[in-house]
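Q: Below you'll find target03.pdb; it's PDB, C-alpha atoms and all ligand atoms.
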ATOM      1  CA  MET A  44       9.660 -15.977  57.700  1.00  0.00           C
ATOM      2  CA  ALA A  45      10.701 -12.343  58.033  1.00  0.00           C
ATOM      3  CA  SER A  46       7.244 -11.368  59.295  1.00  0.00           C
ATOM      4  CA  CYS A  47       6.570 -14.469  61.423  1.00  0.00           C
ATOM      5  CA  GLN A  48       4.657 -13.810  64.663  1.00  0.00           C
ATOM      6  CA  ALA A  49       4.200 -17.437  65.692  1.00  0.00           C
ATOM      7  CA  CYS A  50       5.833 -17.013  69.104  1.00  0.00           C
ATOM      8  CA  GLU A  51       6.823 -14.281  71.530  1.00  0.00           C
ATOM      9  CA  LEU A  52      10.383 -14.091  70.257  1.00  0.00           C
ATOM     10  CA  ALA A  53       8.972 -11.953  67.444  1.00  0.00           C
ATOM     11  CA  GLN A  54       8.543  -9.053  69.912  1.00  0.00           C
ATOM     12  CA  GLN A  55      12.223  -8.833  70.825  1.00  0.00           C
ATOM     13  CA  ARG A  56      14.136  -9.780  67.728  1.00  0.00           C
ATOM     14  CA  ASN A  57      16.011  -7.357  65.506  1.00  0.00           C
ATOM     15  CA  ARG A  58      16.204  -9.726  62.573  1.00  0.00           C
ATOM     16  CA  VAL A  59      14.866 -13.161  61.750  1.00  0.00           C
ATOM     17  CA  VAL A  60      17.745 -15.511  60.946  1.00  0.00           C
ATOM     18  CA  PRO A  61      16.383 -17.970  58.384  1.00  0.00           C
ATOM     19  CA  GLY A  62      19.668 -19.606  57.446  1.00  0.00           C
ATOM     20  CA  GLU A  63      21.889 -19.449  54.407  1.00  0.00           C
ATOM     21  CA  GLY A  64      23.674 -21.527  51.840  1.00  0.00           C
ATOM     22  CA  ALA A  65      23.000 -23.611  48.771  1.00  0.00           C
ATOM     23  CA  GLU A  66      19.417 -24.624  48.089  1.00  0.00           C
ATOM     24  CA  ASP A  67      20.679 -27.903  46.632  1.00  0.00           C
ATOM     25  CA  ALA A  68      23.192 -28.597  49.406  1.00  0.00           C
ATOM     26  CA  ASP A  69      24.125 -32.189  50.261  1.00  0.00           C
ATOM     27  CA  LEU A  70      24.749 -31.163  53.858  1.00  0.00           C
ATOM     28  CA  LEU A  71      22.304 -29.299  56.046  1.00  0.00           C
ATOM     29  CA  PHE A  72      23.735 -28.151  59.382  1.00  0.00           C
ATOM     30  CA  ILE A  73      21.186 -27.385  62.060  1.00  0.00           C
ATOM     31  CA  GLY A  74      22.326 -25.336  65.045  1.00  0.00           C
ATOM     32  CA  GLU A  75      20.330 -24.064  67.973  1.00  0.00           C
ATOM     33  CA  ALA A  76      19.252 -20.428  67.802  1.00  0.00           C
ATOM     34  CA  PRO A  77      20.579 -17.050  66.748  1.00  0.00           C
ATOM     35  CA  GLY A  78      22.731 -15.226  69.299  1.00  0.00           C
ATOM     36  CA  PHE A  79      23.483 -11.520  69.623  1.00  0.00           C
ATOM     37  CA  ASN A  80      25.536 -11.150  66.439  1.00  0.00           C
ATOM     38  CA  GLU A  81      23.203 -13.283  64.365  1.00  0.00           C
ATOM     39  CA  ASP A  82      20.221 -11.220  65.519  1.00  0.00           C
ATOM     40  CA  GLN A  83      22.029  -8.035  64.467  1.00  0.00           C
ATOM     41  CA  GLN A  84      23.079  -9.317  61.061  1.00  0.00           C
ATOM     42  CA  GLY A  85      20.262 -11.709  60.138  1.00  0.00           C
ATOM     43  CA  ARG A  86      22.808 -14.419  59.326  1.00  0.00           C
ATOM     44  CA  PRO A  87      23.507 -17.711  61.132  1.00  0.00           C
ATOM     45  CA  PHE A  88      26.756 -18.545  62.932  1.00  0.00           C
ATOM     46  CA  VAL A  89      28.557 -15.231  62.527  1.00  0.00           C
ATOM     47  CA  GLY A  90      30.234 -15.169  65.962  1.00  0.00           C
ATOM     48  CA  ALA A  91      33.124 -17.196  67.367  1.00  0.00           C
ATOM     49  CA  ALA A  92      31.273 -20.505  66.985  1.00  0.00           C
ATOM     50  CA  GLY A  93      30.660 -19.565  63.360  1.00  0.00           C
ATOM     51  CA  ALA A  94      34.357 -18.956  62.749  1.00  0.00           C
ATOM     52  CA  PHE A  95      35.054 -22.457  64.062  1.00  0.00           C
ATOM     53  CA  LEU A  96      32.289 -23.868  61.866  1.00  0.00           C
ATOM     54  CA  ASP A  97      33.924 -22.181  58.856  1.00  0.00           C
ATOM     55  CA  ASP A  98      37.254 -23.830  59.791  1.00  0.00           C
ATOM     56  CA  LEU A  99      35.533 -27.193  60.121  1.00  0.00           C
ATOM     57  CA  LEU A 100      33.955 -26.813  56.690  1.00  0.00           C
ATOM     58  CA  SER A 101      37.234 -25.862  55.123  1.00  0.00           C
ATOM     59  CA  SER A 102      38.851 -28.964  56.683  1.00  0.00           C
ATOM     60  CA  ILE A 103      36.650 -31.000  54.326  1.00  0.00           C
ATOM     61  CA  GLY A 104      37.133 -28.660  51.410  1.00  0.00           C
ATOM     62  CA  LEU A 105      33.789 -26.884  51.678  1.00  0.00           C
ATOM     63  CA  SER A 106      32.668 -23.326  52.171  1.00  0.00           C
ATOM     64  CA  ARG A 107      29.438 -21.937  53.569  1.00  0.00           C
ATOM     65  CA  SER A 108      28.054 -21.360  50.091  1.00  0.00           C
ATOM     66  CA  GLU A 109      28.244 -25.108  49.339  1.00  0.00           C
ATOM     67  CA  VAL A 110      26.258 -26.306  52.365  1.00  0.00           C
ATOM     68  CA  TYR A 111      23.172 -24.979  54.110  1.00  0.00           C
ATOM     69  CA  ILE A 112      23.283 -23.660  57.670  1.00  0.00           C
ATOM     70  CA  ALA A 113      20.082 -23.216  59.652  1.00  0.00           C
ATOM     71  CA  ASN A 114      18.896 -23.272  63.247  1.00  0.00           C
ATOM     72  CA  VAL A 115      16.118 -25.005  65.163  1.00  0.00           C
ATOM     73  CA  ILE A 116      14.632 -21.610  65.925  1.00  0.00           C
ATOM     74  CA  LYS A 117      14.999 -18.532  63.774  1.00  0.00           C
ATOM     75  CA  CYS A 118      14.788 -15.734  66.347  1.00  0.00           C
ATOM     76  CA  ARG A 119      17.111 -14.954  69.230  1.00  0.00           C
ATOM     77  CA  PRO A 120      15.928 -15.946  72.698  1.00  0.00           C
ATOM     78  CA  PRO A 121      16.470 -13.063  75.137  1.00  0.00           C
ATOM     79  CA  GLY A 122      19.847 -13.260  76.842  1.00  0.00           C
ATOM     80  CA  ASN A 123      20.677 -16.296  74.713  1.00  0.00           C
ATOM     81  CA  ARG A 124      18.650 -18.545  76.994  1.00  0.00           C
ATOM     82  CA  ASP A 125      17.756 -22.032  75.778  1.00  0.00           C
ATOM     83  CA  PRO A 126      14.863 -22.224  73.318  1.00  0.00           C
ATOM     84  CA  LEU A 127      11.566 -23.130  74.998  1.00  0.00           C
ATOM     85  CA  PRO A 128       9.579 -26.165  73.804  1.00  0.00           C
ATOM     86  CA  GLY A 129       6.775 -23.891  72.522  1.00  0.00           C
ATOM     87  CA  GLU A 130       9.254 -21.824  70.520  1.00  0.00           C
ATOM     88  CA  ILE A 131      10.741 -24.941  68.954  1.00  0.00           C
ATOM     89  CA  GLU A 132       7.248 -26.141  68.019  1.00  0.00           C
ATOM     90  CA  ALA A 133       6.267 -22.752  66.611  1.00  0.00           C
ATOM     91  CA  CYS A 134       9.354 -22.747  64.417  1.00  0.00           C
ATOM     92  CA  ARG A 135       9.158 -26.390  63.362  1.00  0.00           C
ATOM     93  CA  PRO A 136       7.176 -25.769  60.153  1.00  0.00           C
ATOM     94  CA  TRP A 137       9.888 -23.374  58.923  1.00  0.00           C
ATOM     95  CA  LEU A 138      12.650 -25.893  59.452  1.00  0.00           C
ATOM     96  CA  ASN A 139      10.532 -28.644  57.937  1.00  0.00           C
ATOM     97  CA  GLN A 140      10.015 -26.528  54.836  1.00  0.00           C
ATOM     98  CA  GLN A 141      13.720 -25.857  54.566  1.00  0.00           C
ATOM     99  CA  ILE A 142      14.458 -29.585  54.721  1.00  0.00           C
ATOM    100  CA  GLU A 143      11.778 -30.239  52.120  1.00  0.00           C
ATOM    101  CA  ILE A 144      13.205 -27.645  49.734  1.00  0.00           C
ATOM    102  CA  ILE A 145      16.861 -28.514  50.205  1.00  0.00           C
ATOM    103  CA  ARG A 146      16.420 -32.280  50.521  1.00  0.00           C
ATOM    104  CA  PRO A 147      19.956 -32.761  51.792  1.00  0.00           C
ATOM    105  CA  LYS A 148      21.744 -36.080  51.756  1.00  0.00           C
ATOM    106  CA  VAL A 149      22.712 -35.674  55.391  1.00  0.00           C
ATOM    107  CA  ILE A 150      21.355 -33.587  58.235  1.00  0.00           C
ATOM    108  CA  VAL A 151      24.159 -32.657  60.610  1.00  0.00           C
ATOM    109  CA  THR A 152      22.777 -31.739  63.999  1.00  0.00           C
ATOM    110  CA  LEU A 153      24.912 -29.310  65.994  1.00  0.00           C
ATOM    111  CA  GLY A 154      24.243 -29.617  69.703  1.00  0.00           C
ATOM    112  CA  ARG A 155      21.414 -30.999  71.748  1.00  0.00           C
ATOM    113  CA  PHE A 156      18.419 -29.069  70.455  1.00  0.00           C
ATOM    114  CA  SER A 157      18.725 -30.206  66.877  1.00  0.00           C
ATOM    115  CA  LEU A 158      19.797 -33.652  68.091  1.00  0.00           C
ATOM    116  CA  ALA A 159      16.490 -33.896  69.967  1.00  0.00           C
ATOM    117  CA  ARG A 160      14.555 -33.626  66.703  1.00  0.00           C
ATOM    118  CA  TYR A 161      15.881 -37.021  65.704  1.00  0.00           C
ATOM    119  CA  PHE A 162      17.221 -38.813  68.781  1.00  0.00           C
ATOM    120  CA  THR A 163      15.199 -39.316  71.915  1.00  0.00           C
ATOM    121  CA  ASN A 164      16.773 -40.133  75.272  1.00  0.00           C
ATOM    122  CA  GLU A 165      20.293 -40.282  73.931  1.00  0.00           C
ATOM    123  CA  THR A 166      23.177 -38.084  74.899  1.00  0.00           C
ATOM    124  CA  ILE A 167      25.438 -36.303  72.481  1.00  0.00           C
ATOM    125  CA  GLY A 168      28.464 -37.870  74.212  1.00  0.00           C
ATOM    126  CA  LYS A 169      27.273 -41.310  73.086  1.00  0.00           C
ATOM    127  CA  VAL A 170      25.930 -40.620  69.609  1.00  0.00           C
ATOM    128  CA  HIS A 171      28.194 -37.933  68.157  1.00  0.00           C
ATOM    129  CA  GLY A 172      30.052 -38.797  64.986  1.00  0.00           C
ATOM    130  CA  LYS A 173      27.898 -41.842  64.237  1.00  0.00           C
ATOM    131  CA  PRO A 174      25.549 -41.589  61.275  1.00  0.00           C
ATOM    132  CA  ARG A 175      22.131 -43.079  61.705  1.00  0.00           C
ATOM    133  CA  LYS A 176      19.260 -43.615  59.362  1.00  0.00           C
ATOM    134  CA  ILE A 177      16.013 -42.511  60.983  1.00  0.00           C
ATOM    135  CA  GLY A 178      13.090 -43.267  58.721  1.00  0.00           C
ATOM    136  CA  ASP A 179      14.476 -42.006  55.455  1.00  0.00           C
ATOM    137  CA  ILE A 180      16.608 -39.325  57.042  1.00  0.00           C
ATOM    138  CA  VAL A 181      20.346 -39.734  57.418  1.00  0.00           C
ATOM    139  CA  CYS A 182      21.366 -37.902  60.510  1.00  0.00           C
ATOM    140  CA  PHE A 183      24.894 -37.171  61.691  1.00  0.00           C
ATOM    141  CA  PRO A 184      25.021 -35.774  65.222  1.00  0.00           C
ATOM    142  CA  MET A 185      27.853 -33.485  66.230  1.00  0.00           C
ATOM    143  CA  TYR A 186      28.661 -31.392  69.254  1.00  0.00           C
ATOM    144  CA  HIS A 187      27.789 -27.745  68.841  1.00  0.00           C
ATOM    145  CA  PRO A 188      30.885 -25.787  67.721  1.00  0.00           C
ATOM    146  CA  ALA A 189      30.422 -23.459  70.708  1.00  0.00           C
ATOM    147  CA  ALA A 190      31.059 -26.445  72.997  1.00  0.00           C
ATOM    148  CA  ALA A 191      34.708 -26.390  71.914  1.00  0.00           C
ATOM    149  CA  LEU A 192      34.948 -22.749  72.955  1.00  0.00           C
ATOM    150  CA  HIS A 193      33.909 -23.644  76.505  1.00  0.00           C
ATOM    151  CA  GLN A 194      35.613 -27.021  76.711  1.00  0.00           C
ATOM    152  CA  GLY A 195      38.842 -27.097  74.748  1.00  0.00           C
ATOM    153  CA  SER A 196      39.163 -30.882  74.813  1.00  0.00           C
ATOM    154  CA  LEU A 197      36.091 -31.157  72.582  1.00  0.00           C
ATOM    155  CA  ARG A 198      37.775 -29.322  69.751  1.00  0.00           C
ATOM    156  CA  LYS A 199      39.607 -32.402  68.506  1.00  0.00           C
ATOM    157  CA  VAL A 200      36.494 -34.565  68.856  1.00  0.00           C
ATOM    158  CA  ILE A 201      34.491 -32.129  66.724  1.00  0.00           C
ATOM    159  CA  GLU A 202      37.267 -31.881  64.153  1.00  0.00           C
ATOM    160  CA  GLU A 203      37.485 -35.665  63.881  1.00  0.00           C
ATOM    161  CA  ASP A 204      33.720 -36.059  63.528  1.00  0.00           C
ATOM    162  CA  MET A 205      33.691 -33.499  60.721  1.00  0.00           C
ATOM    163  CA  LEU A 206      36.325 -35.443  58.825  1.00  0.00           C
ATOM    164  CA  ARG A 207      33.953 -38.419  58.620  1.00  0.00           C
ATOM    165  CA  LEU A 208      31.432 -36.534  56.499  1.00  0.00           C
ATOM    166  CA  PRO A 209      33.064 -36.821  53.049  1.00  0.00           C
ATOM    167  CA  GLU A 210      33.192 -40.614  53.248  1.00  0.00           C
ATOM    168  CA  LEU A 211      29.606 -40.765  54.498  1.00  0.00           C
ATOM    169  CA  LEU A 212      28.409 -38.572  51.626  1.00  0.00           C
ATOM    170  CA  LYS A 213      30.214 -40.675  49.074  1.00  0.00           C
ATOM    171  CA  ASN A 214      28.312 -43.772  50.146  1.00  0.00           C
ATOM    172  CA  LEU A 215      24.806 -42.323  50.091  1.00  0.00           C
ATOM    173  CA  GLU A 216      22.062 -42.223  47.541  1.00  0.00           C
ATOM    174  CA  PRO A 217      21.229 -38.682  46.450  1.00  0.00           C
ATOM    175  CA  ARG A 218      18.523 -36.705  48.242  1.00  0.00           C
ATOM    176  CA  ALA A 219      17.777 -39.149  50.999  1.00  0.00           C
ATOM    177  CA  CYS A 220      16.038 -36.862  53.463  1.00  0.00           C
ATOM    178  CA  THR A 221      12.413 -35.915  53.983  1.00  0.00           C
ATOM    179  CA  PRO A 222      11.195 -33.176  56.289  1.00  0.00           C
ATOM    180  CA  ASP A 223      10.351 -34.597  59.674  1.00  0.00           C
ATOM    181  CA  ASP A 224      11.761 -37.153  62.052  1.00  0.00           C
ATOM    182  CA  GLY A 225       9.281 -39.857  61.085  1.00  0.00           C
ATOM    183  CA  GLY A 226       9.424 -41.508  64.483  1.00  0.00           C
ATOM    184  CA  GLN A 227      11.453 -44.629  64.778  1.00  0.00           C
ATOM    185  CA  GLN A 228      15.161 -44.951  64.625  1.00  0.00           C
ATOM    186  CA  LEU A 229      16.009 -47.731  62.253  1.00  0.00           C
ATOM    187  CA  ALA A 230      19.499 -48.953  61.670  1.00  0.00           C
ATOM    188  CA  LEU A 231      23.024 -47.807  62.146  1.00  0.00           C
ATOM    189  CA  LEU A 232      24.567 -47.128  58.774  1.00  0.00           C
TER     190      LEU A 232
HETATM  191  N1  LIG B   1      24.807 -19.068  66.008  1.00  0.00           N
HETATM  192  C1  LIG B   1      23.778 -19.656  65.372  1.00  0.00           C
HETATM  193  O1  LIG B   1      23.303 -19.177  64.349  1.00  0.00           O
HETATM  194  N2  LIG B   1      23.298 -20.782  65.898  1.00  0.00           N
HETATM  195  C2  LIG B   1      23.790 -21.346  66.984  1.00  0.00           C
HETATM  196  O2  LIG B   1      23.327 -22.407  67.354  1.00  0.00           O
HETATM  197  C3  LIG B   1      24.858 -20.692  67.632  1.00  0.00           C
HETATM  198  C4  LIG B   1      25.359 -19.550  67.115  1.00  0.00           C
END
What do you get writing this file as structure tokens?

A:
Amino acid sequence: MASCQACELAQQRNRVVPGEGAEDADLLFIGEAPGFNEDQQGRPFVGAAGAFLDDLLSSIGLSRSEVYIANVIKCRPPGNRDPLPGEIEACRPWLNQQIEIIRPKVIVTLGRFSLARYFTNETIGKVHGKPRKIGDIVCFPMYHPAAALHQGSLRKVIEEDMLRLPELLKNLEPRACTPDDGGQQLALL
């Protein structure tokens, strides 16, 4: 990944940000894209949103080293603009490989770009905090932690959604997920 040239973001990045955590994690969190700090350090979620994510993890008794944290795209878009569809496609094989290696029990999508991998035409406001089995993937959509920094009222919503994860994990078969979205949304868990 460190030498990837699959899209134009390769020209401007300082560091590729592959993700970090446990290779056998039950929970895989997928954010959006590296920002300024992540691009400098080569690590995901190291800014203010990352500090909130750390607090959320500790609210369920977990630390970063016990989960895996990745992003839809691995290089910073200039000026922190939204990832472009071509960039998301170029990076898709990397994320697919990560999912294949980690085989998490639950994929937690953070924000709309990772949500869009699994949910089409649905808004985060409607689907957040509700686990759904999509093919053989168990997906748990959450607001992006940065949303709480811009809109304080979302903080409690995000905190409450996070607290649902331990119970969800307890009720799942091990290693439920496979790499890609697999198309159809099946049933609500
Ligand atoms: N930092 C990341 O690594 N990803 C995000 O989505 C936001 C901040």

Q: With the file shown as input, list the residues that the PyMOL selection byres (((not hetatm)) within 9 of (chain B and resi 1)) selects, as a PyMOL selection string.

A: chain A and resi 60+62+73-82+86-93+112-117+119+153-154+156+187-189

Q: Write out as a count of residues only each polymer residue whose atoms come within 12 Å of A:Leu206, counting only C-alpha atoms; drop sequence neighbours fewer than 6 positions from it.

A: 15

Q: Would you please work out which residue, of A:Asp67, A:Leu208, A:Gln194, A:Ile177, is nearest to A:Val110 when using all atoms listed in the file?

A: A:Asp67

Q: Atom CA of A:Pro184 and atom CA of A:Ile142 are how many Å apart?

A: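 According to the coordinates, atom CA of A:Pro184 and atom CA of A:Ile142 are separated by 16.1 Å.
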
Q: Please evaluate the PyMOL selection byres (((chain A and resi 46) around 12) and not hetatm) against the displayed coordinates and give the resulting residues as an MDAnalysis selection string.

A: chainID A and resid 44:45 47:50 52:54 56:61 117:118
